[in-house]
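Below: upload-v4.txt (compact mmCIF, C-alpha atoms)
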```txt
# COMPACT_ATOMS: atom_id res chain seq x y z
CA MET A 1 0.00 0.00 0.00
CA ALA A 2 1.33 3.48 -0.88
CA ARG A 3 2.25 5.91 1.83
CA SER A 4 -0.32 8.65 2.39
CA ARG A 5 1.03 12.11 1.72
CA VAL A 6 -0.28 15.02 3.75
CA ARG A 7 -1.02 17.85 1.35
CA VAL A 8 -2.43 21.35 1.30
CA TYR A 9 -4.33 22.86 -1.65
CA ILE A 10 -5.39 26.41 -0.95
CA ALA A 11 -5.79 29.88 -2.40
CA CYS A 12 -4.78 33.07 -0.66
CA SER A 13 -4.58 36.77 -1.31
CA LEU A 14 -1.27 38.38 -2.17
CA ASP A 15 -1.02 39.53 1.45
CA GLY A 16 -1.53 36.00 2.77
CA PHE A 17 -5.20 35.77 3.76
CA ILE A 18 -7.37 32.75 2.96
CA ALA A 19 -10.57 34.64 3.77
CA GLY A 20 -11.51 38.22 4.40
CA THR A 21 -13.22 39.41 7.54
CA ASP A 22 -16.30 37.39 8.53
CA ASN A 23 -15.04 34.48 6.36
CA ASP A 24 -15.63 36.50 3.18
CA LEU A 25 -14.58 34.46 0.14
CA SER A 26 -16.18 36.66 -2.53
CA TRP A 27 -12.72 37.76 -3.70
CA LEU A 28 -12.09 34.20 -4.94
CA HIS A 29 -14.88 34.54 -7.48
CA ASP A 30 -14.05 37.91 -8.99
CA GLU A 31 -15.95 38.00 -12.29
CA SER A 32 -13.48 40.56 -13.70
CA ASN A 33 -10.59 38.14 -13.20
CA PRO A 34 -11.99 34.58 -13.39
CA PRO A 35 -9.87 31.44 -13.03
CA PRO A 36 -9.65 29.25 -16.13
CA ALA A 37 -12.22 26.52 -16.74
CA THR A 38 -9.31 24.15 -17.36
CA PRO A 39 -6.05 24.66 -15.45
CA PRO A 40 -3.11 25.65 -17.66
CA GLU A 41 -0.37 23.12 -18.41
CA GLY A 42 1.75 22.53 -15.32
CA ALA A 43 -0.94 23.68 -12.89
CA VAL A 44 -2.84 21.37 -10.56
CA GLY A 45 -6.59 21.76 -10.81
CA PHE A 46 -8.90 20.95 -7.91
CA GLU A 47 -10.34 17.83 -9.56
CA ASP A 48 -6.87 16.47 -10.35
CA PHE A 49 -5.75 17.18 -6.79
CA MET A 50 -8.83 15.50 -5.32
CA ALA A 51 -8.29 12.38 -7.46
CA ASP A 52 -5.35 11.48 -5.17
CA VAL A 53 -7.15 12.37 -1.92
CA GLY A 54 -8.61 9.62 0.23
CA ALA A 55 -9.63 11.74 3.24
CA MET A 56 -9.69 15.32 4.47
CA LEU A 57 -8.90 17.00 7.75
CA MET A 58 -10.34 20.42 8.41
CA GLY A 59 -11.14 22.66 11.33
CA ARG A 60 -14.68 23.35 12.45
CA SER A 61 -14.68 26.93 11.18
CA THR A 62 -13.68 25.76 7.71
CA PHE A 63 -16.35 23.05 7.80
CA ASP A 64 -19.02 25.56 8.85
CA VAL A 65 -18.09 27.91 5.99
CA VAL A 66 -18.02 25.18 3.31
CA HIS A 67 -21.16 23.50 4.69
CA GLY A 68 -22.92 26.86 4.48
CA PHE A 69 -22.25 27.29 0.75
CA ASP A 70 -25.30 26.96 -1.47
CA VAL A 71 -23.60 24.34 -3.65
CA PRO A 72 -23.29 20.55 -3.55
CA TRP A 73 -20.72 19.22 -1.06
CA PRO A 74 -17.41 19.62 -2.98
CA TYR A 75 -15.62 16.60 -1.48
CA GLY A 76 -17.87 13.80 -2.66
CA GLN A 77 -17.97 10.64 -0.58
CA ARG A 78 -14.47 11.01 0.86
CA PRO A 79 -14.24 10.83 4.63
CA VAL A 80 -13.95 14.33 6.09
CA LEU A 81 -12.64 14.57 9.65
CA VAL A 82 -13.61 17.81 11.34
CA ALA A 83 -11.47 18.84 14.31
CA THR A 84 -14.09 19.89 16.84
CA HIS A 85 -15.44 19.27 20.31
CA ARG A 86 -18.93 20.37 19.28
CA ASP A 87 -21.62 18.11 17.86
CA MET A 88 -21.81 18.02 14.10
CA PRO A 89 -24.99 19.38 12.51
CA ALA A 90 -27.66 16.81 11.69
CA ASP A 91 -27.40 17.66 7.99
CA ALA A 92 -23.61 17.21 7.81
CA PRO A 93 -22.74 15.35 4.59
CA GLU A 94 -21.81 11.70 4.91
CA PRO A 95 -19.19 10.47 5.71
CA THR A 96 -18.22 13.64 7.61
CA ARG A 97 -17.44 13.10 11.28
CA ALA A 98 -16.10 14.95 14.29
CA ALA A 99 -12.56 14.16 15.41
CA THR A 100 -10.61 15.16 18.50
CA GLY A 101 -7.03 14.96 19.66
CA ASP A 102 -3.76 16.72 19.02
CA ILE A 103 -2.63 17.35 15.45
CA HIS A 104 -0.61 14.11 15.35
CA ALA A 105 -3.66 12.03 16.33
CA LEU A 106 -5.89 13.93 13.89
CA VAL A 107 -3.53 13.43 10.95
CA GLN A 108 -3.08 9.75 11.85
CA ALA A 109 -6.86 9.26 11.94
CA ALA A 110 -7.13 11.00 8.54
CA LYS A 111 -4.40 8.74 7.12
CA GLU A 112 -6.26 5.68 8.34
CA ALA A 113 -9.47 6.97 6.75
CA ALA A 114 -7.56 7.73 3.50
CA ASP A 115 -6.66 4.05 3.12
CA GLY A 116 -3.30 4.66 1.44
CA LYS A 117 -4.38 7.71 -0.55
CA ASP A 118 -3.41 11.30 0.29
CA VAL A 119 -4.75 13.41 3.14
CA TYR A 120 -5.93 16.93 2.31
CA VAL A 121 -5.49 19.35 5.22
CA ASP A 122 -7.67 22.44 4.86
CA GLY A 123 -8.21 25.59 6.88
CA GLY A 124 -5.66 28.03 8.25
CA GLN A 125 -5.47 26.70 11.78
CA MET A 126 -5.18 23.05 10.70
CA VAL A 127 -2.53 23.94 8.09
CA ARG A 128 -0.46 25.90 10.63
CA GLN A 129 -0.69 23.15 13.25
CA ALA A 130 0.26 20.41 10.79
CA LEU A 131 3.11 22.51 9.43
CA ASP A 132 4.45 23.24 12.92
CA ALA A 133 4.24 19.52 13.76
CA GLY A 134 6.28 18.64 10.65
CA LEU A 135 3.42 16.66 9.11
CA ILE A 136 2.96 18.46 5.76
CA ASP A 137 4.54 16.84 2.71
CA GLU A 138 3.39 19.33 0.06
CA LEU A 139 1.73 22.73 -0.16
CA ILE A 140 0.00 23.89 -3.34
CA VAL A 141 -0.77 27.58 -2.87
CA THR A 142 -2.54 29.66 -5.50
CA ILE A 143 -2.03 33.40 -5.05
CA ALA A 144 -4.90 35.64 -6.15
CA PRO A 145 -4.07 39.15 -7.39
CA ILE A 146 -5.78 40.97 -4.55
CA ILE A 147 -4.72 42.57 -1.28
CA LEU A 148 -7.36 42.14 1.41
CA GLY A 149 -5.61 44.06 4.20
CA GLN A 150 -7.18 41.90 6.89
CA GLY A 151 -8.89 38.58 7.37
CA LEU A 152 -7.93 35.01 8.21
CA PRO A 153 -4.21 34.39 7.64
CA LEU A 154 -2.77 31.30 6.01
CA PHE A 155 0.65 31.19 7.68
CA ALA A 156 0.71 34.04 10.22
CA GLY A 157 0.65 32.41 13.63
CA THR A 158 2.94 29.46 12.97
CA GLN A 159 5.11 28.77 16.00
CA GLN A 160 8.40 28.47 14.10
CA ARG A 161 10.14 29.14 10.83
CA HIS A 162 9.56 26.78 7.93
CA ARG A 163 11.95 26.60 5.01
CA LEU A 164 10.27 25.50 1.81
CA GLU A 165 11.60 24.23 -1.50
CA LEU A 166 9.84 25.55 -4.60
CA VAL A 167 8.90 22.52 -6.70
CA ASN A 168 6.76 24.20 -9.34
CA THR A 169 5.33 27.57 -10.24
CA CYS A 170 3.02 28.50 -13.07
CA PRO A 171 0.38 31.03 -14.04
CA PHE A 172 -3.03 29.71 -13.08
CA GLY A 173 -5.13 32.05 -15.18
CA GLY A 174 -7.09 35.06 -14.14
CA ASP A 175 -3.75 36.65 -13.15
CA MET A 176 -3.31 34.03 -10.42
CA VAL A 177 -0.06 32.15 -9.79
CA GLN A 178 0.14 28.62 -8.40
CA MET A 179 3.19 27.54 -6.42
CA THR A 180 3.99 24.06 -5.15
CA TYR A 181 6.33 23.76 -2.17
CA LYS A 182 7.79 20.96 -0.09
CA PRO A 183 9.14 21.57 3.41
CA VAL A 184 12.96 21.40 3.36
CA SER A 185 13.01 19.87 6.80
CA LYS A 186 9.86 19.23 8.68
CA ASN A 187 10.81 21.19 11.82
CA THR A 188 13.23 24.07 11.42
CA PRO A 189 13.88 26.07 14.61
```
Would you encode the structure as structure tokens?
Amino acid sequence: MARSRVRVYIACSLDGFIAGTDNDLSWLHDESNPPPATPPEGAVGFEDFMADVGAMLMGRSTFDVVHGFDVPWPYGQRPVLVATHRDMPADAPEPTRAATGDIHALVQAAKEAADGKDVYVDGGQMVRQALDAGLIDELIVTIAPIILGQGLPLFAGTQQRHRLELVNTCPFGGDMVQMTYKPVSKNTP
């Protein structure tokens, strides 16, 4: 069985925010600067990324935002572990479930649920915790050409420095740029 990789696939503003204030994501769908229908050569589209994903790990805030979208659940029938101590809503998509524990236990549970496929870590807090714990194998970050000024940060708040190796970079369309990084060493003081 292949080893599960722990991966991040996320978009952020040029100033490093994954959402504006009050979880505003409207900037991701700017009609004046739309992303391409098909990712350009060299870029990793969401569907291609998800084809390798066996399970997800996200924080409760991220779950609440995505669950509140007026669209079909974007993760299909993959297990989604939500780091929370609160009860999940009755209409939570299957097979979504609550998970507790430290980041090591959460990632391990997601790997078990992934059954040899990759684990997708989503949400700023989960990404920062997994990065600080040295558990991230790859980060695919798409930078949108907008400065939000404030909001929910992607990396601000990590507890240590993290050196990254640039593996790939390419235009993503709509003036966005996608960068793929691997941590140089999983815990750099």
Contacts of region 93-105 of chain A at 7 Å or less, counting all atoms listed in the file, minus same-chain residues fewer than 3 places along, as a count of residues only?
-> 14
Closest contacts (region 42-111 of chain A/region 20-23 of chain A, max 12 Å, only C-alpha atoms) as a Markdown table:
```
| residue | atom | partner | partner_atom | distance |
| --- | --- | --- | --- | --- |
| A:Ser61 | CA | A:Asn23 | CA | 9.0 |
| A:Thr62 | CA | A:Asn23 | CA | 8.9 |
| A:Phe63 | CA | A:Asn23 | CA | 11.6 |
| A:Asp64 | CA | A:Asn23 | CA | 10.1 |
| A:Val65 | CA | A:Asn23 | CA | 7.3 |
| A:Val66 | CA | A:Asn23 | CA | 10.2 |
| A:Gly68 | CA | A:Asn23 | CA | 11.1 |
| A:Phe69 | CA | A:Asn23 | CA | 11.6 |
```
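Here CA of Asp70 (chain A) stands at a distance of 15.5 Å from CA of Leu28 (chain A).
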Work out how far CA of Ala144 (chain A) is from CA of Ala11 (chain A), in Å to one decimal.
-> 6.9 Å
Go ahead and fit an axis-aligned box to every listed atom of region 13-26 of chain A plus 3 Å each side, and pass me the centre and edge lengths in Å, one decimal, as AutoDock Vina command-line options.
```
--center_x -8.7 --center_y 36.1 --center_z 3.0 --size_x 21.3 --size_y 12.8 --size_z 17.1
```
Point (6.6, 18.0, 0.6), cut-off 12 Å, counting only C-alpha atoms, residues as a PyMOL selection string | chain A and resi 4-8+131+134-140+162-168+180-186
Put those residues in a file: C-alpha atoms, as an mmCIF file, keeping the file's coordinate frame.
```cif
data_model
loop_
_atom_site.group_PDB
_atom_site.id
_atom_site.type_symbol
_atom_site.label_atom_id
_atom_site.label_comp_id
_atom_site.auth_asym_id
_atom_site.auth_seq_id
_atom_site.Cartn_x
_atom_site.Cartn_y
_atom_site.Cartn_z
ATOM 1 C CA SER A 4 -0.320 8.650 2.390
ATOM 2 C CA ARG A 5 1.030 12.110 1.720
ATOM 3 C CA VAL A 6 -0.280 15.020 3.750
ATOM 4 C CA ARG A 7 -1.020 17.850 1.350
ATOM 5 C CA VAL A 8 -2.430 21.350 1.300
ATOM 6 C CA LEU A 131 3.110 22.510 9.430
ATOM 7 C CA GLY A 134 6.280 18.640 10.650
ATOM 8 C CA LEU A 135 3.420 16.660 9.110
ATOM 9 C CA ILE A 136 2.960 18.460 5.760
ATOM 10 C CA ASP A 137 4.540 16.840 2.710
ATOM 11 C CA GLU A 138 3.390 19.330 0.060
ATOM 12 C CA LEU A 139 1.730 22.730 -0.160
ATOM 13 C CA ILE A 140 0.000 23.890 -3.340
ATOM 14 C CA HIS A 162 9.560 26.780 7.930
ATOM 15 C CA ARG A 163 11.950 26.600 5.010
ATOM 16 C CA LEU A 164 10.270 25.500 1.810
ATOM 17 C CA GLU A 165 11.600 24.230 -1.500
ATOM 18 C CA LEU A 166 9.840 25.550 -4.600
ATOM 19 C CA VAL A 167 8.900 22.520 -6.700
ATOM 20 C CA ASN A 168 6.760 24.200 -9.340
ATOM 21 C CA THR A 180 3.990 24.060 -5.150
ATOM 22 C CA TYR A 181 6.330 23.760 -2.170
ATOM 23 C CA LYS A 182 7.790 20.960 -0.090
ATOM 24 C CA PRO A 183 9.140 21.570 3.410
ATOM 25 C CA VAL A 184 12.960 21.400 3.360
ATOM 26 C CA SER A 185 13.010 19.870 6.800
ATOM 27 C CA LYS A 186 9.860 19.230 8.680
#
```
Test item: residues at most 8 Å from Asp175 (chain A), only C-alpha atoms, excluding those fewer than 3 positions along its chain, as a list in words = Asn33, Ala144, Pro145, Pro171 and Phe172 of chain A
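Among the candidate residues A:Cys170, A:His67, A:Ile143, A:Leu148, the one lying nearest to Pro89 (chain A) is A:His67, with distances computed using all atoms listed in the file.
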With distances taken over all atoms listed in the file, which of A:Gly174, A:Thr169, A:Gly151, A:Phe49 is nearest to Asp24 (chain A)?
-> A:Gly151
Residues near Gly45 (chain A), cut-off 12 Å, only C-alpha atoms, skip fewer than 2 positions along chain, as a PyMOL selection string | chain A and resi 9-11+35-43+47-52+140-142+170+172-173+178
Write out as number ranges by chain each polymer residue whose atoms come within 9 Å of Lys117 (chain A), counting only C-alpha atoms; drop sequence neighbours fewer than 6 positions from it.
-> A: 1-5, 52-55, 111
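From CA of Asp132 (chain A) back to CA of Gln159 (chain A), the distance works out to 6.4 Å.
Ranking A:Met176, A:Ala133, A:Met58, A:Val127 by their shortest atom-to-atom distance to Phe155 (chain A), with only C-alpha atoms included, puts A:Val127 first.
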